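Contents: one structure, followed by commentary.
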Amino acid sequence: MPSLDRHDNVFVLDLGDGENRFHPDWLTAVGAALDEVEKAEGPRALVTAATGKFYSNGLDLDWLFAHADEYHDYVVSVHELFARMLSLPVITVAALQGHTFAAGAMFSLAHDFRVMRADRGYWCLPEADINIPFTPGMAALIQSRLTPQTAHEAMVTARRYGGADAAATGIVDQAVPEDAVRSTAVQIAQAQVAKAGDTLGTIKARMYAPAMATLRDTTDPLG
């Protein structure tokens, strides 16, 4: 399960050491961690990271197939996580040490910055290959954070981007050696801790208002 630590002014949220899929309990734990970051006072920033082969493999499809009657509420909760991260009133950096797929990739896009391992691991939106269409909120998030050309390629071809390709297309900000992923993310976050607060949250919320409105449409989240 996710765990939150603080190193000076930088919170580090470790998402786990498995596939880090969005099980409802996982979503609750991440939400509680974000509560703690938001309620803290003074200079601060947030890094999300993971341990092992995966950063996150996205939606927990096994749980979802077993609880099909809860699909609507589950998607609403995932959308809310994206919207909340997108507008969090602190600088956020995703440290992508492993595979970052589907909703996990979308979660990374909701951060302000991304650092990815250069030599192994892929960032991918596989929905076109696995026959699961993007929800309107997911599409809005992706298109708000990537250039039109990159969003189009990533969404319609399900391309797997390695670290160097992800950096070249603007999906991530830096591709670095494995042992530098987390430390680089912390360094980026540390440089921006003074910006935490309501003004930053307002700037983000207004910058991404259309995407956030779509993500927070609880009436028809599936389109």
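Labels for the structure tokens follow display order: chains A, B, ..., residues from 1 in each chain, ligands from 1.
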
Within 12 Å of Leu125 (chain A), counting only C-alpha atoms, which residues qualify if same-chain residues fewer than 3 places away don't, as an NGL selection string? :A and (56-59 or 99-109 or 122 or 128-134 or 138-139 or 142 or 150-161 or 171)

Save the residues we just selected, C-alpha atoms, as a short mmCIF file (atom, residue, chain, number, x, y, z; two decimals), in the first residue's frame?
data_model
loop_
_atom_site.label_atom_id
_atom_site.label_comp_id
_atom_site.auth_asym_id
_atom_site.auth_seq_id
_atom_site.Cartn_x
_atom_site.Cartn_y
_atom_site.Cartn_z
CA SER A 56 1.58 2.01 -11.93
CA ASN A 57 -0.35 -0.27 -14.25
CA GLY A 58 -3.54 1.74 -13.90
CA LEU A 59 -7.08 0.56 -13.26
CA HIS A 99 6.38 0.73 -16.36
CA THR A 100 3.78 3.49 -16.39
CA PHE A 101 0.68 2.30 -18.23
CA ALA A 102 -2.92 3.33 -18.90
CA ALA A 103 -4.47 5.17 -15.92
CA GLY A 104 -1.03 5.06 -14.30
CA ALA A 105 0.29 7.06 -17.25
CA MET A 106 -2.64 9.46 -16.94
CA PHE A 107 -1.91 9.86 -13.23
CA SER A 108 1.66 10.81 -14.11
CA LEU A 109 0.36 13.45 -16.53
CA TYR A 122 7.76 2.11 -20.86
CA ALA A 128 -6.63 1.23 -28.37
CA ASP A 129 -5.03 -2.23 -28.11
CA ILE A 130 -7.12 -3.50 -25.19
CA ASN A 131 -10.43 -2.12 -26.51
CA ILE A 132 -11.19 0.19 -23.61
CA PRO A 133 -12.07 3.71 -24.83
CA PHE A 134 -10.85 6.72 -22.93
CA MET A 138 -9.32 10.88 -19.38
CA ALA A 139 -9.17 12.26 -22.92
CA ILE A 142 -4.27 13.72 -21.73
CA THR A 150 1.92 13.52 -29.13
CA ALA A 151 -1.54 13.04 -27.62
CA HIS A 152 -2.83 11.78 -30.96
CA GLU A 153 -0.01 9.30 -31.42
CA ALA A 154 -0.11 8.06 -27.83
CA MET A 155 -3.89 7.64 -27.79
CA VAL A 156 -4.54 6.09 -31.21
CA THR A 157 -1.43 3.93 -31.67
CA ALA A 158 -0.83 2.75 -28.08
CA ARG A 159 2.87 3.37 -28.66
CA ARG A 160 5.24 2.31 -25.88
CA TYR A 161 7.62 5.16 -25.18
CA ILE A 171 5.72 13.27 -22.17
#

Distance table requested - region 53-88 of chain A against region 112-119 of chain A, cut-off 10 Å, only C-alpha atoms: one row per qualifying residue with the closest atom pair and its distance in Å to one decimal, ordered by chain and rising residue number, as CSV.
residue,atom,partner,partner_atom,distance
A:Tyr55,CA,A:Met116,CA,10.0
A:Met85,CA,A:Asp112,CA,8.9
A:Leu86,CA,A:Asp112,CA,7.6
A:Ser87,CA,A:Asp112,CA,9.3
A:Leu88,CA,A:Asp112,CA,9.5

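Distances from A:Gly16, A:Ser3, A:Ala49, A:Ala194 to Ala32 (chain A) were compared using only C-alpha atoms, and the smallest one belongs to A:Ser3.
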
Members of chain A assigned helix (DSSP H, G or I) by DSSP, as a VMD selection string:
chain A and resid 24 to 39 61 to 66 68 to 86 103 to 109 127 to 130 136 to 145 148 to 157 163 to 168 178 to 190 193 to 195 198 to 207 209 to 215

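Coordinates place CA of Thr51 (chain A) at a distance of 24.6 Å from CA of Glu127 (chain A).
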
message: At a cut-off of 12 Å, using only C-alpha atoms, what residues contact region 174-179 of chain A? Leave out same-chain residues fewer than 4 positions from it and give the result as a VMD selection string.
response: chain A and resid 51 to 53 93 to 98 113 to 123 161 to 170 183 to 185 188

Next item on the list: Excluding Gln192 (chain A) and any residue of its chain fewer than 2 positions from it, enumerate the residues within 12 Å of it, using only C-alpha atoms, and give them as a PyMOL selection string.
Entry: chain A and resi 9-10+43-47+89-93+112-113+185-190+194-197+200

Output of the above residues as a tab-separated table (two decimals), in the first residue's frame, restricted to C-alpha atoms:
chain	number	residue	atom	x	y	z
A	9	ASN	CA	10.26	20.20	2.64
A	10	VAL	CA	9.55	17.42	0.14
A	43	PRO	CA	7.10	25.43	2.01
A	44	ARG	CA	6.48	21.96	0.60
A	45	ALA	CA	6.27	19.91	-2.57
A	46	LEU	CA	5.32	16.35	-3.46
A	47	VAL	CA	7.13	13.53	-5.26
A	89	PRO	CA	-1.62	23.50	-4.33
A	90	VAL	CA	1.97	22.24	-4.26
A	91	ILE	CA	4.44	21.41	-7.03
A	92	THR	CA	4.20	17.71	-7.88
A	93	VAL	CA	6.81	15.51	-9.55
A	112	ASP	CA	3.51	19.16	-12.82
A	113	PHE	CA	6.71	17.38	-13.84
A	185	ALA	CA	12.52	14.27	-8.88
A	186	VAL	CA	13.21	15.36	-5.29
A	187	GLN	CA	15.68	17.95	-6.56
A	188	ILE	CA	13.09	19.41	-8.95
A	189	ALA	CA	10.50	19.47	-6.17
A	190	GLN	CA	12.85	21.01	-3.62
A	194	ALA	CA	8.23	28.08	-1.84
A	195	LYS	CA	5.36	28.13	-4.33
A	196	ALA	CA	3.03	25.96	-2.22
A	197	GLY	CA	-0.27	27.55	-1.28
A	200	LEU	CA	-0.56	28.02	-6.89

Region 74-135 of chain A: residues DSSP assigns to strand (DSSP E), reported as a list in words:
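Here are the strand (DSSP E) residues of region 74-135 of chain A: Ile91, Thr92, Val93, Ala94, Ala95, Leu96, His99, Thr100, Phe101, Phe113, Arg114, Val115, Met116, Arg117, Trp123 and Cys124 of chain A.
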
Correct to one decimal, the distance CA of Val37 (chain A)-CA of Pro221 (chain A) is 27.2 Å
